Amino acid sequence: MPDAAPDALPDALPDVVSDVVPGGDAMSRLTVRDLSVVLDGRPVLSEVGLDVRDGGWLAVIGANGAGKSTLLRALAGVLPYGGDVLIDDTPVRRLRHRDRARLLAYAPQTPALPVDMTVFDYALLGRTPYIPYLGREGRCDREVTASVLERLDLSRLASRPLGRLSGGERQRVVLARALAQQAPVLLLDEPTTALDLGHQQQVLELVDRLRLADGLTVVTTLHDLSLAGQYADAMMLLSAGRVAASGVPAEVLTEELIAEHFEARVRVGTGPAGRPEVHLERP
Ligand SMILES: Nc1ncnc2c1ncn2[C@@H]1O[C@H](COP(=O)(O)OP(=O)(O)OP(=O)(O)O)[C@@H](O)[C@H]1O
């Protein structure tokens with residue numbers, strides 16, 4: 001069954017979410033130096049560097065196979081890498097798993113989901129770093145989870161097993177788990193690919209509001225270049241595992257760079273607030 005259209009977004013964040021997402025004093029500047037990843041003996045990322053300010057939104061773009069998901073997986077610590085990943089001045093690889101999970105949340109593109117687990121219990125897994133060893137979740141954990149599910153239009157599916165969701169519903173549940181984690185750095189791998197237009201807007205607006213209100217630092221891969229240009233304040237173009245361009249969206253979303261790295265013919269216009277809009281043109 002398709003979901004109902006998402007509710008209009010209020011200007012203010014819901015109390016519970018704004019109370020539970022870390023405040024502006026949380027650590028969240030993300031710095032990457034000379035990052036490299038080798039998979040199956042082949043270099044997939046080389047000499048990647050980036051710097052995302054506290055409360056910044058970096059969109060990583062690039063053609064299929066450029067290394068975008070690999071970059072996010074390395075940042076999330078689920079792949080071995082060379083080089084340094086720092087949150088403020090703390091090397092992420094030195095953190096214990098639990099401490100890292102409080103600083104950095106990652107929503108993968110297509111995670112394996114336990115088909116019998118309910119939507120609520122899966123999103124509640126995001127609270128694991130806050131639950132004492134051998135303990136149970138508390139009221140706050142359940143409230144945070146319920147609030148995030150509500151913001152993502154998932155409350156009515158809370159007791160539904162994951163195996164009985166549509167693709168777009170599954171994608172929002174994966175995001176819900178990451179948001180319930182309350183980490184100041186959020187890594188989202190193609191968070192909108194399976195979503196209808198209304199839910200794309202709902203998800204990106206929610207992430208943007210959390211970023212502006214609470215200083216979340218966001219890194220996301222996005223294939224939709226216009227969406228990337230509308231939401232990100234910085235962009236990085238990856239090509240064959242290396243940084244081909246980086247800067248503000250207007251510096252990266254140029255007709256020349258897109259032609260060269262995507263082999264696509266586009267027209268780049270200027271949208272609201274001077275942000276670039278990318279339109280495909282028929283050859
Ligand atoms: N586990 C793996 N073992 C070996 N090679 C891999 C592995 N995972 C990915 N690769 C290769 O690494 C390269 C980068 O893959 P990655 O998934 O990061 O690209 P991407 O930019 O996210 O692509 P897409 O836009 O298609 O999602 C590709 O050539 C891919 O085939």
# chains A, B, ... in the order shown; residues from 1 in each chain; ligands from 1
>>> residues_near_ligand(ligand="ligand 1", cutoff="9 Å", atoms="only C-alpha atoms and all ligand atoms", output="VMD selection string")
chain A and resid 38 to 45 60 to 73 109 189 to 190 221 to 223 238 to 241
>>> residues_around(residues="A:Arg164", least_positions_apart="4", cutoff="12 Å", atoms="only C-alpha atoms", output="PyMOL selection string")
chain A and resi 1+113-119+157-160+168-170
>>> atom_distance(atom1="atom CA of A:Leu79", atom2="atom CA of A:Thr217")
20.9 Å
>>> atom_distance(atom1="atom CA of A:Ala244", atom2="atom CA of A:Gln230")
20.5 Å
>>> residues_around(residues="A:Glu256", least_positions_apart="4", cutoff="10 Å", atoms="only C-alpha atoms", output="list in words")
Val252, Glu260, His261, Phe262, Glu263, Ala264, Arg265, Val266, Arg267 and Val268 of chain A
>>> write_last_selection(atoms="C-alpha atoms", output="PDB file, in the first residue's frame")
ATOM      1  CA  VAL A 252      30.968  21.930  -8.835  1.00  0.00           C
ATOM      2  CA  GLU A 260      33.335  15.402 -18.452  1.00  0.00           C
ATOM      3  CA  HIS A 261      32.523  13.191 -15.464  1.00  0.00           C
ATOM      4  CA  PHE A 262      28.982  11.959 -16.194  1.00  0.00           C
ATOM      5  CA  GLU A 263      29.129  12.021 -19.975  1.00  0.00           C
ATOM      6  CA  ALA A 264      25.804  13.820 -19.882  1.00  0.00           C
ATOM      7  CA  ARG A 265      24.649  16.906 -21.704  1.00  0.00           C
ATOM      8  CA  VAL A 266      22.981  19.299 -19.306  1.00  0.00           C
ATOM      9  CA  ARG A 267      22.018  22.913 -18.934  1.00  0.00           C
ATOM     10  CA  VAL A 268      22.755  24.474 -15.576  1.00  0.00           C
TER      11      VAL A 268
END
>>> select_by_dssp(residues="stretch 116-215 of chain A", states="alpha helix (DSSP H)", output="PyMOL selection string")
chain A and resi 119-124+139-151+167-180+197-214
>>> write_last_selection(atoms="N, CA and C atoms", output="short mmCIF file (atom, residue, chain, number, x, y, z; two decimals), in the first residue's frame")
data_model
loop_
_atom_site.label_atom_id
_atom_site.label_comp_id
_atom_site.auth_asym_id
_atom_site.auth_seq_id
_atom_site.Cartn_x
_atom_site.Cartn_y
_atom_site.Cartn_z
N VAL A 119 9.09 -2.35 12.68
CA VAL A 119 9.63 -1.02 12.36
C VAL A 119 10.09 -0.33 13.64
N PHE A 120 9.27 -0.39 14.70
CA PHE A 120 9.65 0.31 15.94
C PHE A 120 10.93 -0.29 16.52
N ASP A 121 10.98 -1.61 16.60
CA ASP A 121 12.17 -2.24 17.21
C ASP A 121 13.43 -1.97 16.39
N TYR A 122 13.28 -1.90 15.08
CA TYR A 122 14.46 -1.62 14.25
C TYR A 122 14.93 -0.18 14.50
N ALA A 123 14.01 0.77 14.50
CA ALA A 123 14.41 2.17 14.73
C ALA A 123 15.00 2.32 16.14
N LEU A 124 14.47 1.55 17.08
CA LEU A 124 14.97 1.59 18.46
C LEU A 124 16.43 1.14 18.56
N ARG A 139 12.34 5.10 28.96
CA ARG A 139 11.22 5.85 28.39
C ARG A 139 11.70 6.84 27.34
N CYS A 140 12.82 7.51 27.66
CA CYS A 140 13.36 8.51 26.72
C CYS A 140 13.68 7.85 25.37
N ASP A 141 14.28 6.65 25.42
CA ASP A 141 14.64 5.97 24.17
C ASP A 141 13.39 5.69 23.33
N ARG A 142 12.33 5.28 24.01
CA ARG A 142 11.10 4.96 23.28
C ARG A 142 10.45 6.24 22.75
N GLU A 143 10.56 7.32 23.52
CA GLU A 143 9.98 8.59 23.06
C GLU A 143 10.72 9.14 21.86
N VAL A 144 12.03 9.07 21.92
CA VAL A 144 12.83 9.56 20.79
C VAL A 144 12.46 8.76 19.55
N THR A 145 12.41 7.45 19.69
CA THR A 145 12.11 6.58 18.55
C THR A 145 10.73 6.89 17.98
N ALA A 146 9.74 7.02 18.88
CA ALA A 146 8.38 7.30 18.41
C ALA A 146 8.33 8.64 17.70
N SER A 147 9.06 9.61 18.22
CA SER A 147 9.04 10.94 17.62
C SER A 147 9.66 10.94 16.22
N VAL A 148 10.77 10.23 16.09
CA VAL A 148 11.43 10.16 14.77
C VAL A 148 10.51 9.44 13.77
N LEU A 149 9.87 8.36 14.23
CA LEU A 149 8.96 7.64 13.32
C LEU A 149 7.83 8.56 12.87
N GLU A 150 7.35 9.38 13.80
CA GLU A 150 6.26 10.29 13.44
C GLU A 150 6.74 11.29 12.38
N ARG A 151 7.93 11.85 12.57
CA ARG A 151 8.44 12.85 11.64
C ARG A 151 8.65 12.25 10.25
N GLY A 167 9.56 -0.38 -0.76
CA GLY A 167 10.95 0.08 -0.83
C GLY A 167 11.15 1.44 -0.17
N GLY A 168 10.21 2.36 -0.42
CA GLY A 168 10.33 3.70 0.14
C GLY A 168 10.13 3.69 1.65
N GLU A 169 9.23 2.82 2.13
CA GLU A 169 9.03 2.71 3.59
C GLU A 169 10.29 2.16 4.25
N ARG A 170 10.89 1.15 3.61
CA ARG A 170 12.13 0.58 4.17
C ARG A 170 13.21 1.65 4.24
N GLN A 171 13.31 2.45 3.19
CA GLN A 171 14.36 3.47 3.17
C GLN A 171 14.15 4.48 4.32
N ARG A 172 12.90 4.82 4.60
CA ARG A 172 12.65 5.78 5.68
C ARG A 172 12.91 5.15 7.04
N VAL A 173 12.69 3.84 7.16
CA VAL A 173 12.98 3.17 8.44
C VAL A 173 14.48 3.17 8.71
N VAL A 174 15.28 2.97 7.67
CA VAL A 174 16.74 2.99 7.84
C VAL A 174 17.18 4.39 8.29
N LEU A 175 16.57 5.40 7.72
CA LEU A 175 16.88 6.77 8.13
C LEU A 175 16.43 7.02 9.57
N ALA A 176 15.27 6.46 9.92
CA ALA A 176 14.75 6.65 11.29
C ALA A 176 15.74 6.08 12.31
N ARG A 177 16.28 4.91 12.03
CA ARG A 177 17.24 4.33 12.95
C ARG A 177 18.45 5.25 13.12
N ALA A 178 18.92 5.82 12.00
CA ALA A 178 20.09 6.72 12.07
C ALA A 178 19.75 7.99 12.85
N LEU A 179 18.57 8.54 12.64
CA LEU A 179 18.22 9.78 13.35
C LEU A 179 18.01 9.52 14.84
N ALA A 180 17.46 8.33 15.16
CA ALA A 180 17.24 8.00 16.57
C ALA A 180 18.56 7.90 17.32
N LEU A 197 8.12 11.91 -4.61
CA LEU A 197 8.51 13.33 -4.51
C LEU A 197 8.22 13.94 -3.13
N GLY A 198 7.01 13.65 -2.63
CA GLY A 198 6.63 14.24 -1.34
C GLY A 198 7.53 13.77 -0.21
N HIS A 199 7.84 12.48 -0.23
CA HIS A 199 8.70 11.95 0.83
C HIS A 199 10.16 12.38 0.65
N GLN A 200 10.60 12.58 -0.59
CA GLN A 200 11.96 13.13 -0.79
C GLN A 200 12.07 14.48 -0.09
N GLN A 201 11.05 15.32 -0.35
CA GLN A 201 11.08 16.65 0.23
C GLN A 201 10.98 16.57 1.76
N GLN A 202 10.12 15.69 2.24
CA GLN A 202 9.93 15.56 3.69
C GLN A 202 11.24 15.17 4.37
N VAL A 203 11.93 14.16 3.80
CA VAL A 203 13.16 13.66 4.41
C VAL A 203 14.26 14.73 4.37
N LEU A 204 14.44 15.37 3.21
CA LEU A 204 15.53 16.34 3.10
C LEU A 204 15.25 17.58 3.94
N GLU A 205 13.98 17.99 4.01
CA GLU A 205 13.65 19.14 4.86
C GLU A 205 13.86 18.81 6.33
N LEU A 206 13.49 17.59 6.71
CA LEU A 206 13.70 17.21 8.12
C LEU A 206 15.18 17.23 8.47
N VAL A 207 16.00 16.65 7.60
CA VAL A 207 17.45 16.63 7.87
C VAL A 207 17.98 18.07 7.92
N ASP A 208 17.49 18.91 7.01
CA ASP A 208 17.98 20.29 6.97
C ASP A 208 17.56 21.05 8.24
N ARG A 209 16.34 20.79 8.72
CA ARG A 209 15.91 21.48 9.94
C ARG A 209 16.72 21.04 11.14
N LEU A 210 17.00 19.76 11.20
CA LEU A 210 17.83 19.27 12.32
C LEU A 210 19.22 19.88 12.23
N ARG A 211 19.71 20.00 11.02
CA ARG A 211 21.04 20.59 10.82
C ARG A 211 21.05 22.05 11.28
N LEU A 212 20.04 22.81 10.85
CA LEU A 212 20.03 24.24 11.19
C LEU A 212 19.74 24.46 12.67
N ALA A 213 18.82 23.65 13.22
CA ALA A 213 18.43 23.88 14.61
C ALA A 213 19.47 23.35 15.58
N ASP A 214 20.10 22.25 15.24
CA ASP A 214 20.93 21.56 16.23
C ASP A 214 22.37 21.39 15.79
#
>>> select_by_dssp(residues="stretch 96-216 of chain A", states="strand (DSSP E or B)", output="list in words")
Leu104, Ala105, Tyr106, Ala107, Thr118, Pro161, Val185, Leu186, Leu187, Leu188 and Asp189 of chain A
>>> write_last_selection(atoms="C-alpha atoms", output="compact mmCIF listing (two decimals), in the first residue's frame")
# COMPACT_ATOMS: atom_id res chain seq x y z
CA LEU A 104 28.42 9.34 13.92
CA ALA A 105 25.27 7.78 12.46
CA TYR A 106 25.20 6.08 9.07
CA ALA A 107 22.22 5.16 6.92
CA THR A 118 9.08 -4.55 13.60
CA PRO A 161 7.47 -6.40 10.28
CA VAL A 185 27.44 13.67 12.32
CA LEU A 186 24.98 12.04 9.92
CA LEU A 187 26.11 10.02 6.88
CA LEU A 188 23.33 9.28 4.38
CA ASP A 189 23.94 7.12 1.32
>>> residues_around(residues="A:Glu251", least_positions_apart="6", cutoff="12 Å", atoms="only C-alpha atoms", output="JSON, numbers by chain")
{"A": [229, 233, 234, 235, 236, 237, 244, 245, 257, 258, 268, 275, 276]}
>>> atom_distance(atom1="atom CA of A:Asp54", atom2="atom CA of A:Val85")
14.8 Å
>>> closest_residue(among="A:Arg242, A:His97, A:Arg53, A:Arg102", to="A:Leu35", atoms="only C-alpha atoms")
A:Arg242
>>> decode(residues="stretch 51-117 of chain A", atoms="C-alpha atoms", output="mmCIF file, in the first residue's frame")
data_model
loop_
_atom_site.group_PDB
_atom_site.id
_atom_site.type_symbol
_atom_site.label_atom_id
_atom_site.label_comp_id
_atom_site.auth_asym_id
_atom_site.auth_seq_id
_atom_site.Cartn_x
_atom_site.Cartn_y
_atom_site.Cartn_z
ATOM 1 C CA ASP A 51 36.463 19.176 5.588
ATOM 2 C CA VAL A 52 32.832 19.638 6.622
ATOM 3 C CA ARG A 53 32.230 22.450 9.070
ATOM 4 C CA ASP A 54 30.091 22.132 12.149
ATOM 5 C CA GLY A 55 26.518 22.182 10.866
ATOM 6 C CA GLY A 56 27.576 21.916 7.219
ATOM 7 C CA TRP A 57 26.009 19.726 4.537
ATOM 8 C CA LEU A 58 28.376 18.108 2.033
ATOM 9 C CA ALA A 59 26.902 16.319 -0.986
ATOM 10 C CA VAL A 60 29.193 13.756 -2.599
ATOM 11 C CA ILE A 61 28.398 13.274 -6.270
ATOM 12 C CA GLY A 62 29.931 11.214 -9.057
ATOM 13 C CA ALA A 63 29.132 8.674 -11.737
ATOM 14 C CA ASN A 64 28.280 5.038 -10.972
ATOM 15 C CA GLY A 65 31.272 3.279 -9.457
ATOM 16 C CA ALA A 66 33.112 6.533 -8.632
ATOM 17 C CA GLY A 67 33.483 5.488 -4.988
ATOM 18 C CA LYS A 68 30.728 7.465 -3.217
ATOM 19 C CA SER A 69 29.293 4.601 -1.151
ATOM 20 C CA THR A 70 32.782 3.344 -0.398
ATOM 21 C CA LEU A 71 33.661 6.776 0.980
ATOM 22 C CA LEU A 72 30.641 6.788 3.281
ATOM 23 C CA ARG A 73 31.355 3.247 4.418
ATOM 24 C CA ALA A 74 34.928 4.189 5.250
ATOM 25 C CA LEU A 75 33.778 7.285 7.160
ATOM 26 C CA ALA A 76 31.288 5.120 9.041
ATOM 27 C CA GLY A 77 34.085 2.762 10.036
ATOM 28 C CA VAL A 78 32.621 -0.315 8.356
ATOM 29 C CA LEU A 79 35.558 -0.614 5.908
ATOM 30 C CA PRO A 80 39.277 -0.549 6.621
ATOM 31 C CA TYR A 81 40.954 2.577 5.243
ATOM 32 C CA GLY A 82 44.270 4.392 5.158
ATOM 33 C CA GLY A 83 44.554 8.029 6.197
ATOM 34 C CA ASP A 84 42.687 9.923 8.891
ATOM 35 C CA VAL A 85 39.037 10.549 9.701
ATOM 36 C CA LEU A 86 38.625 13.077 12.499
ATOM 37 C CA ILE A 87 35.576 14.393 14.288
ATOM 38 C CA ASP A 88 36.859 17.665 15.626
ATOM 39 C CA ASP A 89 40.309 16.522 16.691
ATOM 40 C CA THR A 90 39.392 12.956 17.606
ATOM 41 C CA PRO A 91 40.544 10.190 15.240
ATOM 42 C CA VAL A 92 37.430 8.091 14.659
ATOM 43 C CA ARG A 93 39.361 4.823 14.414
ATOM 44 C CA ARG A 94 40.542 5.193 18.011
ATOM 45 C CA LEU A 95 37.000 5.373 19.371
ATOM 46 C CA ARG A 96 35.267 2.367 20.869
ATOM 47 C CA HIS A 97 32.297 1.251 18.780
ATOM 48 C CA ARG A 98 29.804 2.637 21.292
ATOM 49 C CA ASP A 99 31.478 6.044 21.506
ATOM 50 C CA ARG A 100 31.738 6.251 17.757
ATOM 51 C CA ALA A 101 28.040 5.463 17.414
ATOM 52 C CA ARG A 102 27.219 8.430 19.639
ATOM 53 C CA LEU A 103 29.159 10.740 17.339
ATOM 54 C CA LEU A 104 28.420 9.342 13.921
ATOM 55 C CA ALA A 105 25.269 7.779 12.455
ATOM 56 C CA TYR A 106 25.200 6.079 9.074
ATOM 57 C CA ALA A 107 22.225 5.163 6.920
ATOM 58 C CA PRO A 108 23.448 2.746 4.211
ATOM 59 C CA GLN A 109 21.847 2.561 0.795
ATOM 60 C CA THR A 110 20.606 -1.024 0.942
ATOM 61 C CA PRO A 111 21.186 -2.616 4.336
ATOM 62 C CA ALA A 112 20.099 -6.185 5.003
ATOM 63 C CA LEU A 113 17.019 -5.874 7.199
ATOM 64 C CA PRO A 114 15.755 -8.574 9.563
ATOM 65 C CA VAL A 115 12.405 -9.356 7.948
ATOM 66 C CA ASP A 116 10.583 -10.310 11.147
ATOM 67 C CA MET A 117 11.649 -7.306 13.219
#
